[in-house]
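What's in work-v1.cif: mmCIF, C-alpha atoms and all ligand atoms
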```cif
data_coords
loop_
_atom_site.label_atom_id
_atom_site.label_comp_id
_atom_site.auth_asym_id
_atom_site.auth_seq_id
_atom_site.Cartn_x
_atom_site.Cartn_y
_atom_site.Cartn_z
CA MET A 1 -42.73 11.27 -7.96
CA THR A 2 -46.24 11.14 -6.59
CA THR A 3 -47.60 7.97 -5.12
CA LEU A 4 -51.21 7.66 -4.17
CA VAL A 5 -51.21 5.92 -0.85
CA ALA A 6 -54.56 4.45 -0.01
CA VAL A 7 -54.93 2.91 3.43
CA PRO A 8 -58.65 2.43 3.90
CA ASP A 9 -58.92 -1.28 4.52
CA GLN A 10 -55.66 -3.15 5.12
CA ARG A 11 -57.25 -6.55 4.97
CA THR A 12 -58.93 -6.06 1.60
CA ASP A 13 -55.77 -4.51 0.18
CA SER A 14 -53.74 -7.46 1.28
CA ALA A 15 -56.23 -9.95 -0.14
CA ALA A 16 -56.26 -8.10 -3.45
CA PHE A 17 -52.48 -8.13 -3.46
CA SER A 18 -52.36 -11.86 -2.79
CA GLU A 19 -54.96 -12.56 -5.41
CA GLU A 20 -53.08 -10.65 -8.07
CA ALA A 21 -49.79 -12.23 -7.02
CA LEU A 22 -51.26 -15.71 -7.43
CA THR A 23 -52.24 -15.01 -11.04
CA HIS A 24 -48.50 -15.08 -11.79
CA LEU A 25 -47.89 -18.47 -10.19
CA ASP A 26 -47.51 -20.50 -13.39
CA THR A 27 -45.16 -17.91 -14.80
CA LEU A 28 -43.00 -17.90 -11.70
CA TYR A 29 -42.98 -21.67 -11.43
CA ARG A 30 -41.88 -22.05 -15.04
CA GLY A 31 -39.14 -19.52 -14.48
CA ALA A 32 -38.05 -21.26 -11.28
CA LEU A 33 -38.02 -24.62 -13.02
CA ARG A 34 -35.80 -23.30 -15.80
CA LEU A 35 -33.49 -21.54 -13.33
CA THR A 36 -33.09 -24.39 -10.84
CA ARG A 37 -33.64 -27.24 -13.33
CA ASP A 38 -35.23 -29.19 -10.50
CA PRO A 39 -38.97 -29.42 -9.64
CA ASP A 40 -38.44 -29.59 -5.85
CA ARG A 41 -36.06 -26.67 -5.77
CA ALA A 42 -38.38 -24.79 -8.09
CA GLN A 43 -41.30 -25.24 -5.70
CA ASP A 44 -39.18 -24.10 -2.74
CA LEU A 45 -37.95 -21.08 -4.66
CA VAL A 46 -41.47 -20.07 -5.67
CA GLN A 47 -42.80 -20.51 -2.14
CA ASP A 48 -40.00 -18.41 -0.69
CA THR A 49 -40.64 -15.81 -3.36
CA TYR A 50 -44.28 -15.46 -2.27
CA VAL A 51 -43.34 -15.35 1.40
CA ARG A 52 -40.91 -12.54 0.71
CA ALA A 53 -43.38 -10.76 -1.56
CA LEU A 54 -45.99 -10.85 1.18
CA ARG A 55 -43.50 -9.44 3.67
CA TYR A 56 -42.49 -6.61 1.34
CA GLN A 57 -45.87 -5.95 -0.23
CA HIS A 58 -45.80 -2.36 1.01
CA SER A 59 -42.91 -1.73 -1.36
CA TYR A 60 -44.98 -2.77 -4.36
CA GLN A 61 -46.71 0.13 -6.06
CA PRO A 62 -50.18 -0.90 -7.19
CA GLY A 63 -50.68 -0.49 -10.92
CA THR A 64 -47.04 -1.18 -11.76
CA ASN A 65 -45.78 -4.42 -13.27
CA MET A 66 -46.31 -7.03 -10.55
CA LYS A 67 -45.00 -9.86 -12.69
CA ALA A 68 -41.69 -8.01 -13.05
CA TRP A 69 -41.64 -7.19 -9.34
CA LEU A 70 -42.16 -10.84 -8.38
CA PHE A 71 -39.59 -12.00 -10.91
CA ALA A 72 -37.04 -9.61 -9.45
CA ILE A 73 -37.61 -11.05 -5.98
CA MET A 74 -37.31 -14.58 -7.31
CA ARG A 75 -34.16 -14.12 -9.32
CA ASN A 76 -32.46 -12.38 -6.40
CA LEU A 77 -33.39 -15.29 -4.13
CA PHE A 78 -32.12 -17.70 -6.75
CA TRP A 79 -28.76 -16.00 -7.01
CA ASP A 80 -28.40 -15.70 -3.24
CA ARG A 81 -29.36 -19.26 -2.56
CA PHE A 82 -27.85 -21.23 -5.36
CA LYS A 83 -24.99 -19.10 -6.47
CA GLY A 84 -23.90 -17.58 -3.17
CA GLY A 85 -24.82 -14.14 -4.50
CA ARG A 86 -22.10 -14.29 -7.13
CA GLN A 87 -23.44 -13.40 -10.52
CA GLU A 88 -20.48 -14.60 -12.47
CA ASP A 89 -20.65 -13.84 -16.10
CA VAL A 90 -19.68 -17.19 -17.53
CA SER A 91 -18.60 -16.48 -21.03
CA LEU A 92 -20.23 -18.40 -23.82
CA ASP A 93 -18.22 -20.14 -26.48
CA ASP A 94 -17.31 -17.68 -29.14
CA LEU A 95 -19.57 -18.61 -32.00
CA GLY A 96 -18.40 -15.80 -34.23
CA ASP A 97 -21.37 -14.72 -36.27
CA PHE A 98 -23.06 -18.12 -36.27
CA ALA A 99 -26.67 -17.87 -37.38
CA LEU A 100 -28.83 -20.94 -37.75
CA TYR A 101 -30.66 -19.43 -40.68
CA ASP A 102 -27.48 -18.98 -42.72
CA THR A 103 -26.14 -22.39 -41.78
CA LEU A 104 -29.35 -24.09 -42.84
CA LYS A 105 -29.54 -22.04 -45.99
CA ASP A 106 -26.06 -23.19 -46.94
CA THR A 107 -26.34 -26.83 -45.96
CA SER A 108 -29.92 -28.04 -45.73
CA ALA A 109 -32.28 -29.11 -48.46
CA ILE A 110 -35.24 -28.52 -46.13
CA PRO A 111 -36.74 -25.03 -45.93
CA GLU A 112 -35.28 -23.23 -42.90
CA THR A 113 -38.57 -22.55 -41.14
CA GLU A 114 -39.65 -26.16 -41.64
CA VAL A 115 -36.59 -27.29 -39.68
CA LEU A 116 -37.94 -25.32 -36.70
CA ASP A 117 -41.21 -27.27 -36.89
CA ARG A 118 -39.34 -30.54 -36.62
CA ILE A 119 -37.39 -29.70 -33.46
CA ALA A 120 -38.82 -31.43 -30.38
CA ALA A 121 -40.00 -29.22 -27.53
CA ASP A 122 -37.88 -31.19 -25.04
CA GLU A 123 -34.75 -30.34 -26.97
CA VAL A 124 -35.54 -26.65 -26.90
CA VAL A 125 -36.05 -26.78 -23.12
CA LYS A 126 -32.80 -28.72 -22.74
CA ALA A 127 -30.94 -26.16 -24.81
CA VAL A 128 -32.36 -23.29 -22.74
CA GLU A 129 -31.38 -25.04 -19.50
CA LYS A 130 -27.85 -25.52 -20.79
CA LEU A 131 -27.31 -21.79 -21.12
CA PRO A 132 -25.31 -20.16 -18.32
CA PRO A 133 -27.83 -18.71 -15.81
CA LEU A 134 -27.16 -15.07 -16.67
CA HIS A 135 -27.98 -15.76 -20.30
CA ARG A 136 -30.80 -18.12 -19.44
CA GLU A 137 -32.69 -15.56 -17.40
CA VAL A 138 -32.65 -13.03 -20.23
CA VAL A 139 -34.19 -15.59 -22.59
CA LEU A 140 -36.81 -16.46 -19.95
CA LEU A 141 -37.75 -12.86 -19.39
CA VAL A 142 -37.75 -11.57 -22.97
CA ASP A 143 -38.56 -14.59 -25.12
CA VAL A 144 -40.70 -16.73 -22.85
CA GLU A 145 -42.44 -14.14 -20.69
CA GLY A 146 -42.47 -11.30 -23.19
CA PHE A 147 -40.79 -8.65 -21.02
CA SER A 148 -39.60 -5.50 -22.76
CA TYR A 149 -35.83 -4.90 -22.73
CA LYS A 150 -36.48 -2.14 -20.22
CA ASP A 151 -38.45 -4.32 -17.81
CA ALA A 152 -35.94 -7.14 -18.14
CA ALA A 153 -33.12 -4.69 -17.44
CA GLN A 154 -34.91 -3.52 -14.30
CA VAL A 155 -35.61 -7.01 -13.06
CA ILE A 156 -31.98 -8.03 -13.44
CA GLY A 157 -30.47 -4.66 -12.57
CA ILE A 158 -28.36 -4.23 -15.70
CA PRO A 159 -28.35 -1.70 -18.54
CA ILE A 160 -30.61 -2.29 -21.55
CA GLY A 161 -27.56 -2.69 -23.78
CA THR A 162 -26.41 -5.62 -21.65
CA VAL A 163 -29.85 -7.22 -21.98
CA MET A 164 -29.55 -6.91 -25.75
CA SER A 165 -26.04 -8.33 -25.99
CA ARG A 166 -26.78 -11.23 -23.61
CA LEU A 167 -29.96 -11.99 -25.49
CA HIS A 168 -28.20 -11.96 -28.82
CA ARG A 169 -25.47 -14.31 -27.65
CA ALA A 170 -27.93 -16.55 -25.83
CA ARG A 171 -30.02 -16.97 -28.98
CA GLN A 172 -26.91 -17.68 -30.98
CA GLN A 173 -25.91 -20.36 -28.47
CA LEU A 174 -29.40 -21.87 -28.52
CA GLN A 175 -29.40 -21.98 -32.29
CA LYS A 176 -26.00 -23.66 -32.35
CA GLN A 177 -27.13 -26.32 -29.87
CA LEU A 178 -30.32 -26.97 -31.76
CA TYR A 179 -28.39 -27.17 -35.00
CA ASP A 180 -26.11 -29.81 -33.48
CA TYR A 181 -29.19 -31.69 -32.30
CA ALA A 182 -30.80 -31.39 -35.74
CA LEU A 183 -27.67 -32.88 -37.30
CA GLU A 184 -27.41 -35.72 -34.78
CA SER A 185 -31.05 -36.64 -35.03
CA GLY A 186 -31.03 -36.51 -38.80
CA ILE A 187 -33.56 -33.66 -39.06
CA VAL A 188 -30.93 -31.97 -41.13
CA PRO A 189 -28.74 -34.16 -43.31
CA ALA A 190 -25.04 -34.02 -42.45
CA GLU A 191 -23.19 -31.15 -44.04
CA ARG A 192 -22.34 -31.55 -47.68
CA SER A 193 -18.63 -31.27 -48.22
CA ALA A 194 -18.15 -28.43 -50.59
CA MET B 1 -34.83 11.80 -44.15
CA ASN B 2 -34.77 8.92 -46.49
CA GLY B 3 -36.76 5.96 -45.23
CA ASN B 4 -35.08 3.36 -47.40
CA LEU B 5 -33.03 0.99 -45.30
CA SER B 6 -30.24 -1.09 -46.75
CA CYS B 7 -30.30 -4.83 -46.09
CA ASP B 8 -27.53 -4.41 -43.49
CA GLU B 9 -29.43 -1.66 -41.70
CA CYS B 10 -32.56 -3.75 -41.75
CA MET B 11 -30.77 -6.79 -40.30
CA GLU B 12 -29.13 -4.68 -37.60
CA ARG B 13 -32.62 -3.88 -36.35
CA LEU B 14 -33.97 -7.39 -36.69
CA ASP B 15 -33.64 -8.39 -33.01
CA GLU B 16 -35.39 -5.23 -31.90
CA PHE B 17 -38.04 -5.60 -34.58
CA VAL B 18 -38.77 -9.19 -33.56
CA ASP B 19 -38.83 -8.13 -29.89
CA ARG B 20 -41.17 -5.18 -30.64
CA GLU B 21 -38.70 -2.67 -29.29
CA LEU B 22 -38.66 -0.21 -32.20
CA THR B 23 -40.56 3.05 -32.47
CA ASP B 24 -43.52 3.28 -34.83
CA ALA B 25 -41.42 5.16 -37.38
CA GLU B 26 -38.65 2.54 -37.23
CA ILE B 27 -41.19 -0.26 -37.55
CA ARG B 28 -42.56 1.35 -40.70
CA GLU B 29 -39.06 1.54 -42.19
CA VAL B 30 -38.33 -2.11 -41.46
CA ARG B 31 -41.73 -3.23 -42.75
CA LEU B 32 -41.24 -1.26 -45.94
CA HIS B 33 -37.88 -2.92 -46.49
CA LEU B 34 -39.21 -6.41 -45.76
CA GLU B 35 -42.09 -5.91 -48.14
CA PHE B 36 -39.73 -5.43 -51.05
CA CYS B 37 -36.84 -7.66 -49.99
CA PRO B 38 -37.70 -11.38 -49.92
CA PRO B 39 -34.30 -12.52 -48.50
CA CYS B 40 -34.60 -10.20 -45.49
CA GLU B 41 -38.26 -11.05 -45.08
CA GLU B 42 -37.39 -14.77 -45.03
CA ARG B 43 -34.74 -14.21 -42.39
CA TYR B 44 -37.19 -12.18 -40.35
CA ARG B 45 -39.76 -14.98 -40.50
CA PHE B 46 -37.13 -17.44 -39.32
CA GLN B 47 -36.04 -15.29 -36.37
CA ALA B 48 -39.65 -14.65 -35.35
CA GLY B 49 -40.37 -18.37 -35.67
CA PHE B 50 -37.38 -19.17 -33.51
CA LYS B 51 -38.52 -16.79 -30.78
CA ARG B 52 -41.99 -18.32 -30.90
CA LEU B 53 -40.52 -21.83 -30.69
CA VAL B 54 -38.58 -20.99 -27.52
CA LYS B 55 -41.66 -19.43 -25.96
CA VAL B 56 -44.05 -22.26 -26.79
CA CYS B 57 -41.65 -24.98 -25.66
CA CYS B 58 -40.79 -23.30 -22.35
CA GLU B 59 -44.37 -22.39 -21.56
CA GLN B 60 -45.78 -25.85 -21.15
CA ASP B 61 -45.20 -26.39 -17.43
CA LYS B 62 -47.87 -25.46 -14.93
CA ALA B 63 -47.40 -25.03 -11.19
CA PRO B 64 -48.30 -28.22 -9.27
CA ALA B 65 -51.70 -28.14 -7.55
CA ALA B 66 -50.09 -28.90 -4.18
CA LEU B 67 -47.92 -25.79 -4.46
CA ARG B 68 -50.93 -23.65 -5.33
CA GLU B 69 -52.81 -24.96 -2.28
CA LYS B 70 -49.85 -24.36 0.00
CA LEU B 71 -49.56 -20.78 -1.26
CA GLN B 72 -53.29 -20.18 -0.77
CA LYS B 73 -52.76 -21.02 2.91
CA ILE B 74 -49.73 -18.80 3.20
CA LEU B 75 -51.23 -15.84 1.39
CA PHE B 76 -54.77 -15.70 2.73
ZN ZN C 201 -33.00 -6.71 -47.53
#
```
Could you take the file, read its structure, and then write that structure out as structure tokens?
Ligand SMILES: [Zn+2]
Amino acid sequence: MTTLVAVPDQRTDSAAFSEEALTHLDTLYRGALRLTRDPDRAQDLVQDTYVRALRYQHSYQPGTNMKAWLFAIMRNLFWDRFKGGRQEDVSLDDLGDFALYDTLKDTSAIPETEVLDRIAADEVVKAVEKLPPLHREVVLLVDVEGFSYKDAAQVIGIPIGTVMSRLHRARQQLQKQLYDYALESGIVPAERSA
Amino acid sequence: MNGNLSCDECMERLDEFVDRELTDAEIREVRLHLEFCPPCEERYRFQAGFKRLVKVCCEQDKAPAALREKLQKILF
């Protein structure tokens, strides 16, 4: 592995690093907000993430994925701070092969994709925040921030296959919750008894 | 190699297709199937729409200005 180490002007390098790091602020804040579910804690988590990033900036290789690098720092801080470092894999309810699409197809008179348009943004956020943190972070990385499975796997430190299975179950759980909400709020009429 | 996927094979790859994780050759196979299979294509559109919904809804928050200012001081 060859790394080009350039050390001409430390000060400029550091400023460039900080500048690039700040372009990811909204992304990190959103992630922190979803992880902590609390604006104050989210701000603290983001601030500590930047402090740590600054301290370890020498370990960042310019030209690689800084967003992923920052996210990795943040999620490690989150787990240390709020979960005592224990990354318990809380199991999700077994939903069998629940799929919102099939359920709607069987029960709803409204076109399936139209149901999606009627779901309030708040409810989606609520559903995401209800996921156990290990499932939540995969959704944040892959669905919200557009990370590849590989990058998400690296950020979290798990195999790609685990990313895929967590993601699949997380989406299933989200769809189930949003289906329940759609029923309660009358977006989808209550199930016809067959 | 026969490029015709069955519906089951197509659906097995749906997550990866929606997440843009397939190779170019695999993408072509899935696209070809979707083009000629309305039920699978409809399911694909739903899954893609669901992913988009999650993204759009979770993307609305911006970092508070006070936090940005604080970080400016710390970083520069
Ligand atoms: Zn098909």
Gap from atom CA of A:Val138 to atom CA of A:Gly96 - Å, one decimal: 20.2 Å
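As for atom CA of B:Arg45 and atom CA of B:Glu12, they are spaced 15.1 Å apart.
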Residues of chain B near chain A: apply a cut-off of 10 Å, count all atoms listed in the file, and supply the list as a PyMOL selection string. chain B and resi 15-16+19-21+42-64+66-68+70-72+74-76
Export of the given selection (C-alpha atoms) as a compact mmCIF listing (two decimals), keeping the file's coordinate frame:
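The new file selection37.txt reads:
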```txt
# COMPACT_ATOMS: atom_id res chain seq x y z
CA ASP B 15 -33.64 -8.39 -33.01
CA GLU B 16 -35.39 -5.23 -31.90
CA ASP B 19 -38.83 -8.13 -29.89
CA ARG B 20 -41.17 -5.18 -30.64
CA GLU B 21 -38.70 -2.67 -29.29
CA GLU B 42 -37.39 -14.77 -45.03
CA ARG B 43 -34.74 -14.21 -42.39
CA TYR B 44 -37.19 -12.18 -40.35
CA ARG B 45 -39.76 -14.98 -40.50
CA PHE B 46 -37.13 -17.44 -39.32
CA GLN B 47 -36.04 -15.29 -36.37
CA ALA B 48 -39.65 -14.65 -35.35
CA GLY B 49 -40.37 -18.37 -35.67
CA PHE B 50 -37.38 -19.17 -33.51
CA LYS B 51 -38.52 -16.79 -30.78
CA ARG B 52 -41.99 -18.32 -30.90
CA LEU B 53 -40.52 -21.83 -30.69
CA VAL B 54 -38.58 -20.99 -27.52
CA LYS B 55 -41.66 -19.43 -25.96
CA VAL B 56 -44.05 -22.26 -26.79
CA CYS B 57 -41.65 -24.98 -25.66
CA CYS B 58 -40.79 -23.30 -22.35
CA GLU B 59 -44.37 -22.39 -21.56
CA GLN B 60 -45.78 -25.85 -21.15
CA ASP B 61 -45.20 -26.39 -17.43
CA LYS B 62 -47.87 -25.46 -14.93
CA ALA B 63 -47.40 -25.03 -11.19
CA PRO B 64 -48.30 -28.22 -9.27
CA ALA B 66 -50.09 -28.90 -4.18
CA LEU B 67 -47.92 -25.79 -4.46
CA ARG B 68 -50.93 -23.65 -5.33
CA LYS B 70 -49.85 -24.36 0.00
CA LEU B 71 -49.56 -20.78 -1.26
CA GLN B 72 -53.29 -20.18 -0.77
CA ILE B 74 -49.73 -18.80 3.20
CA LEU B 75 -51.23 -15.84 1.39
CA PHE B 76 -54.77 -15.70 2.73
```
Selection within 6 Å of ligand ZN 201 (chain C) by all atoms listed in the file, output as a ChimeraX atom specification: /B:7,37,40
Atom-to-atom span, atom CA of A:Ala72 and atom CA of A:Pro133, Å: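 Taking atom CA of A:Ala72 as the start and atom CA of A:Pro133 as the end point, the length is 14.4 Å.
Nearest residue to A:Arg136, choosing from A:Asp38, A:Asp94, A:Gln61, A:Arg169 and counting all atoms listed in the file: A:Arg169.
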Could you check the closest approach to B:Glu41 for each of B:Leu14, B:Glu69, B:Glu26, B:Leu5 and tell me which residue wins, using only C-alpha atoms?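 Counting only C-alpha atoms, the residue closest to B:Glu41 is B:Leu14.
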